[in-house]
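Here's final.cif, which has mmCIF, C-alpha atoms and all ligand atoms:
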```
data_coords
loop_
_atom_site.group_PDB
_atom_site.id
_atom_site.type_symbol
_atom_site.label_atom_id
_atom_site.label_comp_id
_atom_site.auth_asym_id
_atom_site.auth_seq_id
_atom_site.Cartn_x
_atom_site.Cartn_y
_atom_site.Cartn_z
ATOM 1 C CA MET N 583 0.000 0.000 0.000
ATOM 2 C CA THR N 584 1.156 3.501 -0.734
ATOM 3 C CA GLY N 585 0.225 5.499 2.380
ATOM 4 C CA ARG N 586 -2.178 7.856 0.643
ATOM 5 C CA VAL N 587 -3.384 9.191 4.027
ATOM 6 C CA GLN N 588 -0.230 8.429 5.991
ATOM 7 C CA GLY N 589 -0.360 9.882 9.499
ATOM 8 C CA LYS N 590 -3.879 11.323 9.140
ATOM 9 C CA ARG N 591 -6.475 10.959 11.853
ATOM 10 C CA VAL N 592 -9.868 9.895 10.503
ATOM 11 C CA ALA N 593 -13.305 9.558 12.057
ATOM 12 C CA VAL N 594 -15.485 7.190 10.024
ATOM 13 C CA ILE N 595 -19.126 7.658 11.004
ATOM 14 C CA GLY N 596 -21.034 4.434 10.438
ATOM 15 C CA ALA N 597 -17.946 2.211 10.309
ATOM 16 C CA GLY N 598 -19.836 -1.010 10.946
ATOM 17 C CA ALA N 599 -22.172 -2.803 8.558
ATOM 18 C CA VAL N 600 -25.778 -3.894 9.020
ATOM 19 C CA GLY N 601 -25.026 -7.415 7.825
ATOM 20 C CA PRO N 602 -22.230 -9.790 6.866
ATOM 21 C CA GLY N 603 -19.837 -8.617 4.160
ATOM 22 C CA TRP N 604 -18.459 -5.255 3.169
ATOM 23 C CA GLY N 605 -20.561 -2.129 3.648
ATOM 24 C CA ASN N 606 -19.407 1.257 2.408
ATOM 25 C CA GLY N 607 -18.433 2.510 5.866
ATOM 26 C CA LYS N 608 -16.635 -0.669 6.892
ATOM 27 C CA ALA N 609 -14.620 -0.788 3.658
ATOM 28 C CA SER N 610 -13.746 2.906 4.013
ATOM 29 C CA ALA N 611 -12.528 2.484 7.589
ATOM 30 C CA VAL N 612 -10.319 -0.444 6.568
ATOM 31 C CA LEU N 613 -8.995 1.351 3.469
ATOM 32 C CA TYR N 614 -8.072 4.512 5.393
ATOM 33 C CA ALA N 615 -6.171 2.347 7.876
ATOM 34 C CA ARG N 616 -4.413 0.374 5.129
ATOM 35 C CA GLU N 617 -3.333 3.702 3.644
ATOM 36 C CA GLY N 618 -1.681 4.869 6.844
ATOM 37 C CA ALA N 619 -4.414 6.633 8.841
ATOM 38 C CA ARG N 620 -5.381 6.147 12.454
ATOM 39 C CA VAL N 621 -9.112 5.446 12.475
ATOM 40 C CA LEU N 622 -11.816 6.290 14.975
ATOM 41 C CA ALA N 623 -14.576 3.856 14.029
ATOM 42 C CA VAL N 624 -17.929 5.310 15.086
ATOM 43 C CA ASP N 625 -21.196 3.401 15.119
ATOM 44 C CA ARG N 626 -24.303 2.985 17.251
ATOM 45 C CA ASP N 627 -23.959 -0.801 16.967
ATOM 46 C CA GLU N 628 -21.186 -1.958 19.285
ATOM 47 C CA ALA N 629 -20.782 -5.418 17.774
ATOM 48 C CA ALA N 630 -20.569 -3.994 14.257
ATOM 49 C CA VAL N 631 -17.989 -1.384 15.174
ATOM 50 C CA MET N 632 -15.878 -3.872 17.124
ATOM 51 C CA GLU N 633 -15.790 -6.141 14.079
ATOM 52 C CA THR N 634 -14.364 -3.308 11.977
ATOM 53 C CA VAL N 635 -11.876 -2.331 14.677
ATOM 54 C CA GLY N 636 -10.825 -5.977 14.997
ATOM 55 C CA LEU N 637 -10.243 -6.249 11.237
ATOM 56 C CA ILE N 638 -8.072 -3.128 11.227
ATOM 57 C CA ARG N 639 -6.060 -4.174 14.265
ATOM 58 C CA GLY N 640 -5.748 -7.682 12.839
ATOM 59 C CA GLU N 641 -3.969 -6.179 9.829
ATOM 60 C CA GLY N 642 -1.571 -4.380 12.179
ATOM 61 C CA HIS N 643 -3.105 -0.913 11.869
ATOM 62 C CA GLU N 644 -4.495 1.473 14.467
ATOM 63 C CA ALA N 645 -8.200 1.891 15.259
ATOM 64 C CA GLU N 646 -10.318 2.896 18.221
ATOM 65 C CA PRO N 647 -14.069 2.342 18.615
ATOM 66 C CA PHE N 648 -16.677 4.897 19.625
ATOM 67 C CA VAL N 649 -20.237 3.734 20.241
ATOM 68 C CA GLY N 650 -22.992 6.315 20.013
ATOM 69 C CA ASP N 651 -26.062 7.459 18.122
ATOM 70 C CA MET N 652 -25.049 10.361 15.914
ATOM 71 C CA VAL N 653 -28.540 11.862 15.744
ATOM 72 C CA VAL N 654 -28.032 12.919 19.374
ATOM 73 C CA PRO N 655 -26.052 16.182 19.341
ATOM 74 C CA ALA N 656 -24.150 15.399 22.552
ATOM 75 C CA GLU N 657 -23.107 11.977 21.229
ATOM 76 C CA ALA N 658 -21.924 13.476 17.934
ATOM 77 C CA LYS N 659 -19.863 16.007 19.885
ATOM 78 C CA ALA N 660 -18.497 13.222 22.081
ATOM 79 C CA ALA N 661 -17.414 11.287 18.972
ATOM 80 C CA ILE N 662 -15.264 14.188 17.803
ATOM 81 C CA GLU N 663 -13.898 14.614 21.334
ATOM 82 C CA ALA N 664 -13.034 10.901 21.327
ATOM 83 C CA ALA N 665 -10.839 11.476 18.258
ATOM 84 C CA GLU N 666 -9.040 14.229 20.140
ATOM 85 C CA VAL N 667 -8.535 11.959 23.155
ATOM 86 C CA ALA N 668 -7.397 8.988 21.067
ATOM 87 C CA PHE N 669 -5.263 10.736 18.456
ATOM 88 C CA GLY N 670 -4.790 14.316 19.654
ATOM 89 C CA GLY N 671 -6.913 15.792 16.865
ATOM 90 C CA LEU N 672 -8.668 15.135 13.585
ATOM 91 C CA ASP N 673 -7.770 15.522 9.900
ATOM 92 C CA ILE N 674 -10.636 13.761 8.102
ATOM 93 C CA LEU N 675 -14.335 13.398 8.877
ATOM 94 C CA HIS N 676 -16.007 10.697 6.790
ATOM 95 C CA PHE N 677 -19.795 10.805 7.132
ATOM 96 C CA ASN N 678 -21.239 7.508 5.900
ATOM 97 C CA ILE N 679 -24.507 6.899 7.747
ATOM 98 C CA GLY N 680 -27.742 7.073 5.823
ATOM 99 C CA ILE N 681 -31.152 5.425 5.944
ATOM 100 C CA SER N 682 -34.138 5.344 3.607
ATOM 101 C CA THR N 683 -37.793 4.517 3.542
ATOM 102 C CA ARG N 684 -39.517 3.838 0.265
ATOM 103 C CA GLY N 685 -42.462 6.034 -0.646
ATOM 104 C CA GLY N 686 -43.571 9.145 -2.444
ATOM 105 C CA VAL N 687 -44.591 12.427 -0.849
ATOM 106 C CA GLU N 688 -48.226 11.424 -0.231
ATOM 107 C CA ASP N 689 -47.475 8.046 1.328
ATOM 108 C CA THR N 690 -44.484 8.999 3.475
ATOM 109 C CA PRO N 691 -45.541 9.309 7.148
ATOM 110 C CA PHE N 692 -44.119 12.434 8.730
ATOM 111 C CA ALA N 693 -42.414 10.307 11.399
ATOM 112 C CA ASP N 694 -40.486 8.437 8.659
ATOM 113 C CA TRP N 695 -39.585 11.720 6.971
ATOM 114 C CA GLN N 696 -38.230 13.083 10.240
ATOM 115 C CA ARG N 697 -36.307 9.898 11.083
ATOM 116 C CA VAL N 698 -34.635 9.874 7.675
ATOM 117 C CA PHE N 699 -33.725 13.553 7.951
ATOM 118 C CA SER N 700 -32.391 13.093 11.485
ATOM 119 C CA VAL N 701 -29.864 10.450 10.348
ATOM 120 C CA ASN N 702 -29.055 11.657 6.826
ATOM 121 C CA LEU N 703 -28.867 15.384 7.525
ATOM 122 C CA ASP N 704 -29.122 16.360 11.213
ATOM 123 C CA ALA N 705 -26.358 13.954 12.262
ATOM 124 C CA ALA N 706 -24.134 15.368 9.515
ATOM 125 C CA PHE N 707 -24.817 18.861 10.823
ATOM 126 C CA HIS N 708 -23.989 17.919 14.440
ATOM 127 C CA LEU N 709 -20.752 16.193 13.455
ATOM 128 C CA THR N 710 -19.689 18.901 11.013
ATOM 129 C CA GLN N 711 -20.324 21.604 13.589
ATOM 130 C CA ALA N 712 -18.254 19.744 16.180
ATOM 131 C CA ALA N 713 -15.457 18.820 13.760
ATOM 132 C CA LEU N 714 -14.847 22.104 11.924
ATOM 133 C CA PRO N 715 -13.021 23.935 14.727
ATOM 134 C CA VAL N 716 -10.819 20.891 15.317
ATOM 135 C CA LEU N 717 -10.035 20.431 11.611
ATOM 136 C CA GLU N 718 -9.227 24.117 11.223
ATOM 137 C CA ARG N 719 -7.128 24.213 14.388
ATOM 138 C CA ASP N 720 -5.147 21.198 13.182
ATOM 139 C CA GLY N 721 -4.131 22.954 9.984
ATOM 140 C CA GLY N 722 -7.080 22.205 7.746
ATOM 141 C CA GLY N 723 -8.519 18.908 6.712
ATOM 142 C CA ALA N 724 -11.223 17.256 4.700
ATOM 143 C CA ILE N 725 -14.808 16.173 5.110
ATOM 144 C CA VAL N 726 -16.307 13.515 2.847
ATOM 145 C CA TYR N 727 -20.057 13.001 2.846
ATOM 146 C CA ILE N 728 -21.522 9.794 1.424
ATOM 147 C CA SER N 729 -24.696 10.732 -0.381
ATOM 148 C CA THR N 730 -26.408 8.923 -3.276
ATOM 149 C CA LEU N 731 -27.061 9.364 -6.965
ATOM 150 C CA ALA N 732 -30.717 9.732 -5.927
ATOM 151 C CA ALA N 733 -29.814 13.127 -4.452
ATOM 152 C CA GLU N 734 -29.663 14.366 -8.047
ATOM 153 C CA LEU N 735 -31.784 12.061 -10.164
ATOM 154 C CA SER N 736 -35.011 10.119 -9.816
ATOM 155 C CA GLY N 737 -34.905 6.342 -10.040
ATOM 156 C CA PRO N 738 -37.703 3.930 -10.842
ATOM 157 C CA TYR N 739 -39.139 4.015 -7.309
ATOM 158 C CA PRO N 740 -39.934 7.045 -5.126
ATOM 159 C CA TYR N 741 -37.893 7.649 -1.980
ATOM 160 C CA ALA N 742 -39.070 11.181 -1.199
ATOM 161 C CA GLY N 743 -37.454 11.595 2.213
ATOM 162 C CA TYR N 744 -34.206 9.905 1.213
ATOM 163 C CA GLU N 745 -33.855 11.959 -1.965
ATOM 164 C CA ALA N 746 -34.626 15.284 -0.288
ATOM 165 C CA SER N 747 -32.413 14.653 2.745
ATOM 166 C CA LYS N 748 -29.458 13.561 0.603
ATOM 167 C CA ALA N 749 -29.895 16.563 -1.700
ATOM 168 C CA ALA N 750 -29.726 18.760 1.396
ATOM 169 C CA LEU N 751 -26.621 16.885 2.556
ATOM 170 C CA GLY N 752 -24.923 17.818 -0.711
ATOM 171 C CA ARG N 753 -25.902 21.435 -0.186
ATOM 172 C CA LEU N 754 -24.481 21.309 3.342
ATOM 173 C CA ALA N 755 -21.218 20.045 1.857
ATOM 174 C CA ARG N 756 -21.070 22.938 -0.601
ATOM 175 C CA SER N 757 -21.877 25.451 2.151
ATOM 176 C CA VAL N 758 -18.975 24.103 4.195
ATOM 177 C CA ALA N 759 -16.739 24.078 1.113
ATOM 178 C CA ALA N 760 -17.484 27.737 0.359
ATOM 179 C CA GLU N 761 -17.209 28.961 3.935
ATOM 180 C CA TYR N 762 -13.965 27.110 4.676
ATOM 181 C CA ALA N 763 -12.147 27.250 1.334
ATOM 182 C CA ALA N 764 -9.790 29.948 2.619
ATOM 183 C CA ARG N 765 -9.541 28.293 6.018
ATOM 184 C CA GLY N 766 -8.024 25.022 4.843
ATOM 185 C CA VAL N 767 -10.978 22.664 5.211
ATOM 186 C CA ARG N 768 -12.275 20.945 2.066
ATOM 187 C CA ALA N 769 -15.717 19.309 1.817
ATOM 188 C CA ASN N 770 -16.813 16.944 -0.946
ATOM 189 C CA THR N 771 -19.596 14.463 -1.595
ATOM 190 C CA VAL N 772 -19.613 10.954 -3.038
ATOM 191 C CA LEU N 773 -22.710 9.872 -4.955
ATOM 192 C CA PRO N 774 -22.860 6.057 -5.085
ATOM 193 C CA GLY N 775 -25.175 4.361 -7.542
ATOM 194 C CA MET N 776 -25.993 0.656 -7.323
ATOM 195 C CA ILE N 777 -23.550 -0.793 -4.787
ATOM 196 C CA ASP N 778 -23.674 -4.415 -3.620
ATOM 197 C CA THR N 779 -23.657 -4.036 0.169
ATOM 198 C CA PRO N 780 -25.284 -5.703 3.204
ATOM 199 C CA HIS N 781 -27.371 -2.530 3.571
ATOM 200 C CA VAL N 782 -29.105 -3.243 0.259
ATOM 201 C CA LEU N 783 -29.657 -6.911 1.026
ATOM 202 C CA ALA N 784 -31.087 -5.984 4.430
ATOM 203 C CA HIS N 785 -33.603 -3.844 2.560
ATOM 204 C CA VAL N 786 -34.726 -6.715 0.398
ATOM 205 C CA ALA N 787 -34.545 -9.346 3.142
ATOM 206 C CA THR N 788 -38.131 -10.269 2.390
ATOM 207 C CA SER N 789 -37.082 -11.252 -1.091
ATOM 208 C CA SER N 790 -36.526 -14.992 -1.333
ATOM 209 C CA ASP N 791 -33.873 -14.572 -3.981
ATOM 210 C CA ALA N 792 -30.998 -12.220 -3.204
ATOM 211 C CA GLU N 793 -29.259 -13.228 -6.444
ATOM 212 C CA ALA N 794 -32.273 -12.148 -8.493
ATOM 213 C CA VAL N 795 -32.223 -8.806 -6.688
ATOM 214 C CA ARG N 796 -28.518 -8.449 -7.415
ATOM 215 C CA ALA N 797 -29.015 -9.297 -11.087
ATOM 216 C CA GLY N 798 -31.912 -6.869 -11.367
ATOM 217 C CA ARG N 799 -29.840 -4.057 -9.901
ATOM 218 C CA ALA N 800 -26.844 -4.876 -12.086
ATOM 219 C CA ALA N 801 -29.021 -4.830 -15.201
ATOM 220 C CA GLN N 802 -29.926 -1.174 -14.556
ATOM 221 C CA VAL N 803 -26.280 -0.075 -14.652
ATOM 222 C CA PRO N 804 -24.673 0.808 -18.003
ATOM 223 C CA MET N 805 -21.591 -1.212 -16.958
ATOM 224 C CA LYS N 806 -23.955 -4.139 -16.291
ATOM 225 C CA ARG N 807 -22.650 -4.742 -12.805
ATOM 226 C CA GLN N 808 -23.069 -3.267 -9.344
ATOM 227 C CA GLY N 809 -20.237 -1.448 -7.673
ATOM 228 C CA ALA N 810 -18.511 -2.757 -4.565
ATOM 229 C CA ALA N 811 -18.117 -0.984 -1.242
ATOM 230 C CA TRP N 812 -14.439 -0.627 -2.203
ATOM 231 C CA ASP N 813 -15.389 1.572 -5.163
ATOM 232 C CA VAL N 814 -17.062 4.006 -2.761
ATOM 233 C CA ALA N 815 -14.154 3.739 -0.322
ATOM 234 C CA GLU N 816 -11.565 4.484 -3.031
ATOM 235 C CA ALA N 817 -13.460 7.587 -4.181
ATOM 236 C CA ALA N 818 -13.767 8.831 -0.606
ATOM 237 C CA LEU N 819 -10.097 8.116 0.090
ATOM 238 C CA PHE N 820 -9.077 10.170 -2.932
ATOM 239 C CA LEU N 821 -11.267 13.128 -1.925
ATOM 240 C CA ALA N 822 -9.994 12.955 1.663
ATOM 241 C CA SER N 823 -6.331 12.703 0.665
ATOM 242 C CA ASP N 824 -3.858 15.434 -0.177
ATOM 243 C CA ALA N 825 -4.016 14.231 -3.787
ATOM 244 C CA ALA N 826 -7.352 16.088 -3.923
ATOM 245 C CA GLY N 827 -5.902 19.155 -2.216
ATOM 246 C CA PHE N 828 -7.289 21.584 -4.824
ATOM 247 C CA ILE N 829 -10.745 19.953 -4.952
ATOM 248 C CA THR N 830 -13.633 21.162 -2.828
ATOM 249 C CA GLY N 831 -17.403 21.342 -3.191
ATOM 250 C CA VAL N 832 -17.697 18.592 -5.797
ATOM 251 C CA ASP N 833 -20.116 15.686 -6.143
ATOM 252 C CA LEU N 834 -18.275 12.584 -7.354
ATOM 253 C CA ARG N 835 -20.504 9.949 -8.928
ATOM 254 C CA VAL N 836 -19.493 6.327 -8.325
ATOM 255 C CA ASP N 837 -22.171 4.689 -10.401
ATOM 256 C CA GLY N 838 -20.893 2.754 -13.429
ATOM 257 C CA GLY N 839 -22.444 5.405 -15.662
ATOM 258 C CA MET N 840 -25.935 5.138 -14.201
ATOM 259 C CA GLY N 841 -26.320 8.892 -13.813
ATOM 260 C CA LEU N 842 -26.038 9.179 -17.571
ATOM 261 C CA LEU N 843 -29.318 7.304 -17.968
ATOM 262 C CA MET N 844 -31.295 7.876 -14.792
ATOM 263 C CA GLY N 845 -33.023 10.964 -16.092
ATOM 264 C CA ASN N 846 -34.728 8.686 -18.606
ATOM 265 C CA ALA N 847 -35.706 5.979 -16.104
ATOM 266 C CA ALA N 848 -39.247 4.666 -16.291
ATOM 267 C CA PRO N 849 -41.550 6.093 -13.593
HETATM 268 N N1 LIG R 1 -25.444 0.441 -1.112
HETATM 269 C C1 LIG R 1 -25.894 1.249 -2.010
HETATM 270 O O1 LIG R 1 -26.321 0.836 -3.098
HETATM 271 C C2 LIG R 1 -25.883 2.721 -1.752
HETATM 272 C C3 LIG R 1 -26.245 3.560 -2.805
HETATM 273 C C4 LIG R 1 -26.235 4.923 -2.612
HETATM 274 C C5 LIG R 1 -25.862 5.439 -1.390
HETATM 275 N N2 LIG R 1 -25.517 4.626 -0.365
HETATM 276 C C6 LIG R 1 -25.156 5.254 0.907
HETATM 277 O O2 LIG R 1 -24.145 4.518 1.588
HETATM 278 C C7 LIG R 1 -24.313 4.698 2.998
HETATM 279 C C8 LIG R 1 -24.487 3.372 3.687
HETATM 280 O O3 LIG R 1 -23.386 2.569 3.466
HETATM 281 P P1 LIG R 1 -23.100 1.205 4.311
HETATM 282 O O4 LIG R 1 -22.999 0.115 3.307
HETATM 283 O O5 LIG R 1 -21.939 1.433 5.209
HETATM 284 O O6 LIG R 1 -24.448 1.061 5.175
HETATM 285 P P2 LIG R 1 -24.887 0.362 6.531
HETATM 286 O O7 LIG R 1 -26.364 0.487 6.545
HETATM 287 O O8 LIG R 1 -24.264 -0.991 6.622
HETATM 288 O O9 LIG R 1 -24.381 1.364 7.654
HETATM 289 C C9 LIG R 1 -23.131 1.372 8.274
HETATM 290 C C10 LIG R 1 -23.303 1.578 9.744
HETATM 291 O O10 LIG R 1 -23.967 2.823 10.065
HETATM 292 C C11 LIG R 1 -24.484 2.652 11.363
HETATM 293 N N3 LIG R 1 -25.447 3.712 11.713
HETATM 294 C C12 LIG R 1 -26.652 3.932 11.157
HETATM 295 N N4 LIG R 1 -27.267 4.962 11.773
HETATM 296 C C13 LIG R 1 -26.419 5.397 12.736
HETATM 297 C C14 LIG R 1 -26.486 6.424 13.724
HETATM 298 N N5 LIG R 1 -27.570 7.201 13.848
HETATM 299 N N6 LIG R 1 -25.434 6.612 14.556
HETATM 300 C C15 LIG R 1 -24.338 5.832 14.460
HETATM 301 N N7 LIG R 1 -24.224 4.817 13.546
HETATM 302 C C16 LIG R 1 -25.252 4.604 12.701
HETATM 303 C C17 LIG R 1 -25.084 1.262 11.324
HETATM 304 O O11 LIG R 1 -25.192 0.714 12.637
HETATM 305 C C18 LIG R 1 -24.116 0.498 10.441
HETATM 306 O O12 LIG R 1 -23.222 -0.329 11.183
HETATM 307 C C19 LIG R 1 -25.563 5.527 3.202
HETATM 308 O O13 LIG R 1 -25.236 6.888 3.380
HETATM 309 C C20 LIG R 1 -26.310 5.305 1.900
HETATM 310 O O14 LIG R 1 -27.220 6.348 1.610
HETATM 311 C C21 LIG R 1 -25.531 3.268 -0.523
#
```

Show me the file's structure as structure tokens.
Ligand SMILES: NC(=O)c1ccc[n+]([C@@H]2O[C@H](COP(=O)([O-])OP(=O)(O)OC[C@H]3O[C@@H](n4cnc5c(N)ncnc54)[C@H](O)[C@@H]3O)[C@@H](O)[C@H]2O)c1
Amino acid sequence: MTGRVQGKRVAVIGAGAVGPGWGNGKASAVLYAREGARVLAVDRDEAAVMETVGLIRGEGHEAEPFVGDMVVPAEAKAAIEAAEVAFGGLDILHFNIGISTRGGVEDTPFADWQRVFSVNLDAAFHLTQAALPVLERDGGGAIVYISTLAAELSGPYPYAGYEASKAALGRLARSVAAEYAARGVRANTVLPGMIDTPHVLAHVATSSDAEAVRAGRAAQVPMKRQGAAWDVAEAALFLASDAAGFITGVDLRVDGGMGLLMGNAAP
């Protein structure tokens, strides 16, 4: 490995996975560590976060766990403080958590709308607010937000709360990018398309045939395959690293070309 984030201190928010295999957050945490970073692995699920920490330590790298629910402002603040305690500061905030409920505007209960916004947007706000002074104090740094292609384009099924909250997340990223451009902190967003993760399979757990679901998703992608969590992790690593030092406020699609077609998707 080439040490693309050698010596950096990273907080990965949502570093576990909701099922067996590689989720986007878990792969990102492991990749940052492989590339030389010390990783604070943050998750509300203790078992999930300990699995990620164990994988990183097992490869001889450095990771510390933090267990907390990031929709609670005090717990988000405590997560950033934990990075300071563990590593003496913070260079990269990687915001991965995100949930969705399927439904259009008329059939989305307000409670679902609020729950989705609390995780996808409010938690990002709490963590960003807590992290910015630390990042700036430590000489500048980077924030990477994991959004979705659906923040920009409609797919075949409506996810009103998910789409709106992720669009707002992208706008938060650009607000941070503009406000902090001269202060050394960069903020960018990754827009994954169809990625084969435990999160997706958990969503379709009622389906008797996971392989059929996988094939159906792959068929919608111009490259005729789903991405892997590692594709998302590599994009995030690049944006977080000094190699992207002149890049801020961008949305990077990781979608096998799907965004080229989604505007024409059937309703
Ligand atoms: N898989 C895809 O096809 C796809 C496509 C587009 C976007 N995304 C985005 O990728 C991200 C999810 O990636 P993943 O594979 O790591 O998902 P995941 O669902 O496995 O989540 C990772 C971890 O986040 C934790 N988490 C959730 N809410 C939390 C909270 N409030 N506080 C602390 N931890 C919390 C979970 O416990 C889990 O361990 C989301 O932002 C999602 O919108 C995924």

Surrounding residues as a PyMOL selection string, ligand LIG 1 (chain R), max 8 Å, all atoms listed in the file:
chain N and resi 595-601+604-609+624-627+630-631+649-654+677-682+700-702+705+728-732+744+748+773-782+809+811

Between atom CA of N:Ala665 and atom CA of N:Ala713, what is the distance, to one decimal in Å?
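Computed distance, atom CA of N:Ala665 to atom CA of N:Ala713, equals 9.8 Å.
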
Hey, which of N:Gly752, N:Gly798, N:Pro804, N:Gly721 ends up closest to N:Gly766? Count only C-alpha atoms.
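Between N:Gly752, N:Gly798, N:Pro804, N:Gly721, the residue approaching N:Gly766 most closely is N:Gly721.
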
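Take the candidates N:Arg835, N:Arg639, N:Arg765, N:Arg697 and check each one against N:Val814 using all atoms listed in the file; the shortest distance goes to N:Arg835.
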
Which distance in Å separates atom CA of N:Thr710 and atom CA of N:Tyr727, to one decimal?
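Interatomic distance here is 10.1 Å.
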
Output of the PyMOL selection byres (((chain N and resi 771) around 12) and not hetatm), listed as a ChimeraX atom specification:
/N:675-678,724-731,733-734,748-759,768-770,772-774,814,817-822,829-836

Between atom CA of N:His643 and atom CA of N:Leu613, what distance in Å does the model show, to one decimal?
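Atom CA of N:Leu613 lies 10.5 Å from atom CA of N:His643.
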
Please put the answer as AutoDock Vina command-line options: centre and edge lengths, in Å with one decimal, of a box along x, y and z that encloses all listed atoms of stretch 790-801 of chain N plus 3 Å on each side.
```
--center_x -31.7 --center_y -9.5 --center_z -8.3 --size_x 15.7 --size_y 16.9 --size_z 19.9
```

Which residue, N:Asp694, N:Glu646, N:Glu617, N:Glu816, has the smallest gap to N:Glu666 when you use all atoms listed in the file?
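Smallest distance to N:Glu666 is found for N:Glu646.
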
Pick from N:Phe699, N:Arg591, N:Ala615, N:Arg684 nearest to N:Ile662, counting all atoms listed in the file
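Looking only at the distances to N:Ile662, the closest residue turns out to be N:Arg591.
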
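Among N:Pro602, N:Arg586, N:Ala619, N:Ala742, the residue with the shortest atom-to-atom distance to N:Phe692, counting only C-alpha atoms, is N:Ala742.
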
With distances taken over all atoms listed in the file, which residue among N:Ala801, N:Val587, N:Leu717, N:Pro691 lies nearest N:Ala825?
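Closest to N:Ala825 of all the choices is N:Val587.
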